[in-house]
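Source file: run13.cif. Holds: mmCIF, N, CA and C atoms.
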data_entry
loop_
_atom_site.label_atom_id
_atom_site.label_comp_id
_atom_site.auth_asym_id
_atom_site.auth_seq_id
_atom_site.Cartn_x
_atom_site.Cartn_y
_atom_site.Cartn_z
N MET M 1 0.41 -25.38 9.02
CA MET M 1 0.72 -25.40 7.61
C MET M 1 2.24 -25.31 7.45
N GLU M 2 2.75 -25.93 6.38
CA GLU M 2 4.18 -25.91 6.10
C GLU M 2 4.45 -25.41 4.69
N PHE M 3 5.64 -24.86 4.51
CA PHE M 3 6.12 -24.45 3.19
C PHE M 3 7.35 -25.30 2.91
N SER M 4 7.35 -25.99 1.78
CA SER M 4 8.50 -26.83 1.43
C SER M 4 9.06 -26.43 0.08
N GLU M 5 10.37 -26.29 0.04
CA GLU M 5 11.09 -26.03 -1.21
C GLU M 5 11.87 -27.30 -1.51
N GLU M 6 11.52 -27.95 -2.61
CA GLU M 6 12.17 -29.21 -2.96
C GLU M 6 13.38 -28.96 -3.85
N TYR M 7 14.50 -29.57 -3.46
CA TYR M 7 15.74 -29.45 -4.22
C TYR M 7 15.96 -30.64 -5.13
N SER M 8 15.52 -31.80 -4.68
CA SER M 8 15.65 -33.04 -5.44
C SER M 8 14.65 -34.03 -4.85
N PRO M 9 14.53 -35.21 -5.43
CA PRO M 9 13.60 -36.19 -4.85
C PRO M 9 13.95 -36.60 -3.41
N THR M 10 15.19 -36.36 -3.00
CA THR M 10 15.60 -36.77 -1.65
C THR M 10 15.94 -35.62 -0.72
N ALA M 11 15.76 -34.38 -1.18
CA ALA M 11 16.12 -33.24 -0.32
C ALA M 11 15.11 -32.11 -0.47
N LYS M 12 14.67 -31.60 0.67
CA LYS M 12 13.79 -30.44 0.66
C LYS M 12 14.01 -29.65 1.95
N PHE M 13 13.65 -28.38 1.89
CA PHE M 13 13.74 -27.49 3.04
C PHE M 13 12.32 -27.11 3.41
N THR M 14 11.96 -27.34 4.66
CA THR M 14 10.58 -27.10 5.09
C THR M 14 10.54 -26.13 6.26
N LEU M 15 9.65 -25.17 6.18
CA LEU M 15 9.43 -24.21 7.25
C LEU M 15 7.97 -24.26 7.68
N LYS M 16 7.74 -24.08 8.96
CA LYS M 16 6.37 -23.94 9.45
C LYS M 16 5.89 -22.54 9.08
N VAL M 17 4.69 -22.46 8.57
CA VAL M 17 4.07 -21.18 8.22
C VAL M 17 3.20 -20.76 9.39
N ASP M 18 3.60 -19.68 10.06
CA ASP M 18 2.78 -19.16 11.16
C ASP M 18 1.59 -18.38 10.62
N GLU M 19 1.83 -17.63 9.53
CA GLU M 19 0.75 -16.84 8.92
C GLU M 19 1.13 -16.47 7.50
N ILE M 20 0.22 -16.65 6.56
CA ILE M 20 0.44 -16.17 5.20
C ILE M 20 0.02 -14.71 5.17
N LEU M 21 0.96 -13.85 4.80
CA LEU M 21 0.70 -12.41 4.77
C LEU M 21 0.26 -11.94 3.39
N PHE M 22 0.79 -12.60 2.35
CA PHE M 22 0.51 -12.15 0.98
C PHE M 22 0.70 -13.34 0.04
N ARG M 23 -0.23 -13.48 -0.88
CA ARG M 23 -0.09 -14.51 -1.92
C ARG M 23 -0.81 -13.99 -3.15
N LYS M 24 -0.05 -13.91 -4.25
CA LYS M 24 -0.63 -13.36 -5.48
C LYS M 24 0.11 -13.92 -6.69
N LYS M 25 -0.63 -14.16 -7.74
CA LYS M 25 -0.04 -14.54 -9.02
C LYS M 25 0.12 -13.27 -9.83
N SER M 26 1.37 -12.89 -10.10
CA SER M 26 1.63 -11.73 -10.95
C SER M 26 1.84 -12.23 -12.38
N LYS M 27 2.20 -11.35 -13.25
CA LYS M 27 2.48 -11.72 -14.64
C LYS M 27 3.69 -12.66 -14.72
N HIS M 28 4.59 -12.56 -13.77
CA HIS M 28 5.86 -13.30 -13.84
C HIS M 28 6.04 -14.36 -12.76
N HIS M 29 5.39 -14.24 -11.61
CA HIS M 29 5.66 -15.13 -10.48
C HIS M 29 4.40 -15.41 -9.67
N TRP M 30 4.46 -16.51 -8.92
CA TRP M 30 3.60 -16.67 -7.76
C TRP M 30 4.39 -16.05 -6.62
N ILE M 31 3.87 -15.02 -6.02
CA ILE M 31 4.55 -14.32 -4.92
C ILE M 31 3.89 -14.75 -3.62
N THR M 32 4.71 -15.23 -2.70
CA THR M 32 4.21 -15.62 -1.39
C THR M 32 5.08 -14.98 -0.32
N ILE M 33 4.46 -14.35 0.64
CA ILE M 33 5.17 -13.83 1.81
C ILE M 33 4.47 -14.39 3.03
N PHE M 34 5.25 -15.05 3.88
CA PHE M 34 4.67 -15.63 5.09
C PHE M 34 5.58 -15.39 6.29
N GLU M 35 5.00 -15.56 7.45
CA GLU M 35 5.71 -15.37 8.72
C GLU M 35 6.15 -16.73 9.25
N ASN M 36 7.41 -16.79 9.72
CA ASN M 36 7.96 -17.98 10.36
C ASN M 36 8.69 -17.55 11.62
N ARG M 37 8.50 -18.29 12.69
CA ARG M 37 9.08 -17.92 13.98
C ARG M 37 10.61 -17.75 13.94
N ASP M 38 11.31 -18.60 13.22
CA ASP M 38 12.77 -18.55 13.20
C ASP M 38 13.35 -17.61 12.16
N PHE M 39 12.71 -17.49 11.01
CA PHE M 39 13.27 -16.71 9.92
C PHE M 39 12.56 -15.37 9.70
N GLY M 40 11.54 -15.08 10.47
CA GLY M 40 10.80 -13.83 10.29
C GLY M 40 9.91 -13.92 9.07
N ARG M 41 9.88 -12.86 8.30
CA ARG M 41 9.06 -12.85 7.08
C ARG M 41 9.87 -13.44 5.93
N VAL M 42 9.22 -14.29 5.18
CA VAL M 42 9.87 -15.06 4.12
C VAL M 42 9.23 -14.70 2.78
N LEU M 43 10.07 -14.35 1.80
CA LEU M 43 9.60 -14.08 0.44
C LEU M 43 9.94 -15.28 -0.43
N ALA M 44 8.93 -15.84 -1.08
CA ALA M 44 9.13 -16.94 -2.02
C ALA M 44 8.53 -16.55 -3.37
N LEU M 45 9.27 -16.84 -4.43
CA LEU M 45 8.78 -16.63 -5.79
C LEU M 45 8.73 -17.98 -6.47
N ASN M 46 7.56 -18.32 -6.99
CA ASN M 46 7.37 -19.62 -7.63
C ASN M 46 7.81 -20.77 -6.73
N ASN M 47 7.47 -20.65 -5.46
CA ASN M 47 7.74 -21.67 -4.45
C ASN M 47 9.23 -21.85 -4.15
N GLU M 48 10.04 -20.82 -4.44
CA GLU M 48 11.47 -20.85 -4.10
C GLU M 48 11.77 -19.66 -3.21
N ILE M 49 12.35 -19.94 -2.06
CA ILE M 49 12.66 -18.87 -1.10
C ILE M 49 13.71 -17.95 -1.69
N GLN M 50 13.43 -16.66 -1.64
CA GLN M 50 14.34 -15.64 -2.13
C GLN M 50 15.10 -14.96 -1.00
N THR M 51 14.39 -14.67 0.08
CA THR M 51 15.02 -13.98 1.21
C THR M 51 14.14 -14.12 2.44
N THR M 52 14.75 -13.86 3.59
CA THR M 52 14.01 -13.80 4.85
C THR M 52 14.48 -12.57 5.61
N THR M 53 13.61 -12.02 6.42
CA THR M 53 13.98 -10.80 7.14
C THR M 53 15.01 -11.04 8.24
N ARG M 54 15.18 -12.25 8.70
CA ARG M 54 16.15 -12.52 9.77
C ARG M 54 17.58 -12.67 9.27
N ASP M 55 17.76 -13.06 8.01
CA ASP M 55 19.14 -13.28 7.56
C ASP M 55 19.47 -12.63 6.22
N GLU M 56 18.61 -11.77 5.72
CA GLU M 56 18.83 -11.17 4.40
C GLU M 56 20.10 -10.36 4.32
N TYR M 57 20.50 -9.76 5.43
CA TYR M 57 21.68 -8.89 5.40
C TYR M 57 22.95 -9.66 5.07
N TYR M 58 23.04 -10.95 5.42
CA TYR M 58 24.22 -11.74 5.03
C TYR M 58 24.38 -11.74 3.52
N TYR M 59 23.30 -11.95 2.82
CA TYR M 59 23.33 -12.00 1.36
C TYR M 59 23.56 -10.62 0.76
N HIS M 60 22.76 -9.64 1.16
CA HIS M 60 22.84 -8.33 0.54
C HIS M 60 24.17 -7.63 0.81
N GLU M 61 24.67 -7.73 2.02
CA GLU M 61 25.98 -7.14 2.31
C GLU M 61 27.07 -7.84 1.52
N ALA M 62 26.99 -9.16 1.39
CA ALA M 62 28.02 -9.93 0.69
C ALA M 62 28.06 -9.64 -0.81
N ILE M 63 26.92 -9.31 -1.42
CA ILE M 63 26.96 -9.03 -2.86
C ILE M 63 27.28 -7.57 -3.18
N VAL M 64 27.11 -6.68 -2.22
CA VAL M 64 27.32 -5.25 -2.49
C VAL M 64 28.67 -4.74 -2.01
N HIS M 65 29.01 -4.98 -0.77
CA HIS M 65 30.19 -4.33 -0.18
C HIS M 65 31.53 -4.70 -0.84
N PRO M 66 31.76 -5.95 -1.29
CA PRO M 66 33.04 -6.22 -1.96
C PRO M 66 33.27 -5.36 -3.19
N VAL M 67 32.22 -5.08 -3.94
CA VAL M 67 32.34 -4.23 -5.13
C VAL M 67 32.56 -2.77 -4.73
N MET M 68 31.94 -2.34 -3.67
CA MET M 68 31.97 -0.94 -3.28
C MET M 68 33.21 -0.55 -2.49
N ILE M 69 33.97 -1.51 -2.02
CA ILE M 69 35.07 -1.22 -1.09
C ILE M 69 36.16 -0.33 -1.70
N SER M 70 36.29 -0.34 -3.01
CA SER M 70 37.32 0.50 -3.64
C SER M 70 37.04 1.98 -3.44
N GLY M 71 35.78 2.32 -3.24
CA GLY M 71 35.41 3.73 -3.07
C GLY M 71 35.37 4.49 -4.38
N GLU M 72 35.58 3.80 -5.49
CA GLU M 72 35.62 4.46 -6.79
C GLU M 72 34.39 4.20 -7.65
N VAL M 73 33.41 3.53 -7.10
CA VAL M 73 32.20 3.22 -7.86
C VAL M 73 31.29 4.45 -7.87
N GLU M 74 30.93 4.90 -9.07
CA GLU M 74 30.08 6.08 -9.20
C GLU M 74 28.66 5.74 -9.62
N LYS M 75 28.53 4.73 -10.49
CA LYS M 75 27.21 4.35 -11.00
C LYS M 75 26.99 2.87 -10.76
N VAL M 76 25.76 2.53 -10.37
CA VAL M 76 25.43 1.14 -10.05
C VAL M 76 24.14 0.76 -10.76
N LEU M 77 24.15 -0.43 -11.37
CA LEU M 77 22.96 -1.02 -11.96
C LEU M 77 22.65 -2.29 -11.19
N ILE M 78 21.45 -2.37 -10.63
CA ILE M 78 21.00 -3.57 -9.93
C ILE M 78 19.94 -4.22 -10.80
N ILE M 79 20.21 -5.45 -11.23
CA ILE M 79 19.26 -6.19 -12.05
C ILE M 79 18.57 -7.19 -11.15
N GLY M 80 17.26 -7.05 -11.02
CA GLY M 80 16.51 -7.85 -10.05
C GLY M 80 16.47 -7.05 -8.75
N GLY M 81 16.56 -7.75 -7.66
CA GLY M 81 16.63 -7.04 -6.38
C GLY M 81 15.33 -6.45 -5.92
N GLY M 82 14.22 -7.05 -6.29
CA GLY M 82 12.91 -6.50 -5.95
C GLY M 82 12.62 -6.36 -4.47
N ASP M 83 13.35 -7.09 -3.64
CA ASP M 83 13.14 -6.96 -2.19
C ASP M 83 13.76 -5.69 -1.64
N GLY M 84 14.65 -5.05 -2.39
CA GLY M 84 15.22 -3.76 -2.00
C GLY M 84 16.47 -3.82 -1.15
N GLY M 85 16.91 -4.99 -0.76
CA GLY M 85 18.08 -5.11 0.12
C GLY M 85 19.38 -4.66 -0.53
N ALA M 86 19.60 -5.02 -1.78
CA ALA M 86 20.83 -4.60 -2.47
C ALA M 86 20.83 -3.08 -2.65
N LEU M 87 19.69 -2.52 -2.99
CA LEU M 87 19.59 -1.06 -3.13
C LEU M 87 19.91 -0.37 -1.81
N ARG M 88 19.37 -0.87 -0.73
CA ARG M 88 19.65 -0.30 0.59
C ARG M 88 21.15 -0.30 0.87
N GLU M 89 21.82 -1.40 0.57
CA GLU M 89 23.25 -1.50 0.85
C GLU M 89 24.07 -0.58 -0.06
N VAL M 90 23.70 -0.47 -1.34
CA VAL M 90 24.41 0.42 -2.25
C VAL M 90 24.31 1.86 -1.76
N LEU M 91 23.14 2.25 -1.28
CA LEU M 91 22.93 3.64 -0.85
C LEU M 91 23.65 3.99 0.44
N LYS M 92 24.30 3.03 1.06
CA LYS M 92 25.15 3.31 2.22
C LYS M 92 26.49 3.89 1.78
N HIS M 93 26.75 3.85 0.48
CA HIS M 93 28.02 4.32 -0.08
C HIS M 93 27.81 5.60 -0.88
N GLN M 94 28.88 6.31 -1.12
CA GLN M 94 28.82 7.54 -1.90
C GLN M 94 28.82 7.18 -3.39
N VAL M 95 27.65 7.15 -4.00
CA VAL M 95 27.53 6.89 -5.43
C VAL M 95 26.73 8.03 -6.06
N GLU M 96 27.01 8.28 -7.33
CA GLU M 96 26.30 9.35 -8.04
C GLU M 96 24.92 8.91 -8.52
N ASP M 97 24.84 7.66 -8.98
CA ASP M 97 23.61 7.21 -9.63
C ASP M 97 23.40 5.72 -9.38
N VAL M 98 22.17 5.35 -9.07
CA VAL M 98 21.79 3.95 -8.89
C VAL M 98 20.52 3.70 -9.68
N LEU M 99 20.52 2.64 -10.47
CA LEU M 99 19.33 2.23 -11.21
C LEU M 99 19.04 0.78 -10.88
N MET M 100 17.83 0.51 -10.41
CA MET M 100 17.41 -0.85 -10.14
C MET M 100 16.35 -1.24 -11.17
N VAL M 101 16.56 -2.36 -11.84
CA VAL M 101 15.64 -2.85 -12.85
C VAL M 101 15.07 -4.18 -12.35
N GLU M 102 13.76 -4.22 -12.16
CA GLU M 102 13.08 -5.42 -11.67
C GLU M 102 11.95 -5.75 -12.63
N ILE M 103 11.90 -6.98 -13.09
CA ILE M 103 10.89 -7.40 -14.07
C ILE M 103 9.47 -7.39 -13.50
N ASP M 104 9.35 -7.56 -12.18
CA ASP M 104 8.04 -7.75 -11.58
C ASP M 104 7.75 -6.67 -10.54
N GLU M 105 6.97 -5.69 -10.94
CA GLU M 105 6.60 -4.58 -10.05
C GLU M 105 5.86 -5.08 -8.81
N GLU M 106 5.13 -6.18 -8.95
CA GLU M 106 4.38 -6.73 -7.81
C GLU M 106 5.31 -7.22 -6.71
N VAL M 107 6.49 -7.72 -7.08
CA VAL M 107 7.48 -8.14 -6.07
C VAL M 107 7.95 -6.93 -5.28
N VAL M 108 8.22 -5.84 -5.97
CA VAL M 108 8.66 -4.61 -5.31
C VAL M 108 7.58 -4.11 -4.36
N LYS M 109 6.35 -4.04 -4.84
CA LYS M 109 5.24 -3.54 -4.01
C LYS M 109 5.04 -4.40 -2.77
N ALA M 110 5.00 -5.71 -2.96
CA ALA M 110 4.78 -6.62 -1.82
C ALA M 110 5.94 -6.56 -0.84
N SER M 111 7.16 -6.48 -1.35
CA SER M 111 8.33 -6.40 -0.47
C SER M 111 8.33 -5.12 0.35
N ARG M 112 8.00 -4.01 -0.28
CA ARG M 112 7.94 -2.75 0.46
C ARG M 112 6.89 -2.79 1.56
N LYS M 113 5.75 -3.39 1.27
CA LYS M 113 4.66 -3.42 2.24
C LYS M 113 4.90 -4.42 3.37
N TYR M 114 5.40 -5.61 3.04
CA TYR M 114 5.46 -6.67 4.04
C TYR M 114 6.85 -6.96 4.59
N LEU M 115 7.90 -6.76 3.79
CA LEU M 115 9.26 -7.09 4.26
C LEU M 115 9.97 -5.88 4.84
N LYS M 116 9.86 -4.76 4.16
CA LYS M 116 10.51 -3.51 4.58
C LYS M 116 12.03 -3.64 4.69
N ILE M 117 12.60 -4.56 3.91
CA ILE M 117 14.05 -4.75 3.87
C ILE M 117 14.73 -3.51 3.32
N ASP M 118 14.08 -2.83 2.38
CA ASP M 118 14.69 -1.67 1.74
C ASP M 118 14.88 -0.49 2.68
N GLN M 119 14.19 -0.48 3.80
CA GLN M 119 14.26 0.60 4.79
C GLN M 119 14.10 1.98 4.14
N GLY M 120 13.19 2.04 3.17
CA GLY M 120 12.89 3.31 2.53
C GLY M 120 13.79 3.67 1.37
N ALA M 121 14.69 2.77 0.97
CA ALA M 121 15.64 3.07 -0.13
C ALA M 121 14.92 3.29 -1.44
#
Before we go any further, please render this structure as structure tokens.
Amino acid sequence: MEFSEEYSPTAKFTLKVDEILFRKKSKHHWITIFENRDFGRVLALNNEIQTTTRDEYYYHEAIVHPVMISGEVEKVLIIGGGDGGALREVLKHQVEDVLMVEIDEEVVKASRKYLKIDQGA
């Protein structure tokens, strides 16, 4: 089985699906988590890849650490971030308060169970 994300009529990204771990229609998304030999576990929302366990840290570190480098950030609001990676990276810094707002609780639950990117954050 394959998973394809189409960008245009002439371009798409296709991954072999080794195993579908989770598939559910929530109030907001079709949530799919599957295993791929090269990318590890893959989270897709509405057939669009959001993150993979093999390379998620490139994205999450890049969006968090540039803001945090000043050392003066006390409060952080994360909008989205249901996979937990941004939260994990923020909590590596000395902050007083972090609030993560995610529209889809099912994304958070599935990510915690199958991706474990948050590492308990």
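Excluding stretch 6-10 of chain M itself and same-chain residues fewer than 4 positions from it, the residues having an atom within 8 Å of it are Thr14, Asn47 and Glu48 of chain M, counting all atoms listed in the file.
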Exercise. What is the atom CA of M:Lys25 to atom CA of M:Ala11 distance in Å?
Worked result: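 Between atom CA of M:Lys25 and atom CA of M:Ala11 the gap works out to 26.2 Å.
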Exercise. Quick one: residues within 8 Å of M:Ala44, all atoms listed in the file counted, chain neighbours fewer than 5 positions away excluded, as a ChimeraX atom specification?
Worked result: /M:29-34,49-52
For this session: Counting only C-alpha atoms, select every polymer residue within 8 Å of (29.3, 3.7, -2.2) as defined in the file's coordinates, and provide the selection as number ranges by chain.
Result: M: 68-69, 71-74, 90-95
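Reported to one decimal place, the separation of atom CA of M:Glu5 from atom CA of M:Leu77 is 29.7 Å.
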Problem set entry | Residue nearest M:Thr53 - candidates M:Arg41, M:Glu2, M:Lys113, M:Asn36, atoms counted: all atoms listed in the file | M:Arg41
For this session: Using DSSP on the backbone, list every residue of stretch 34-109 of chain M that comes out as helix (DSSP H, G or I), and give them as a ChimeraX atom specification.
Result: /M:56-68,85-90,105-109
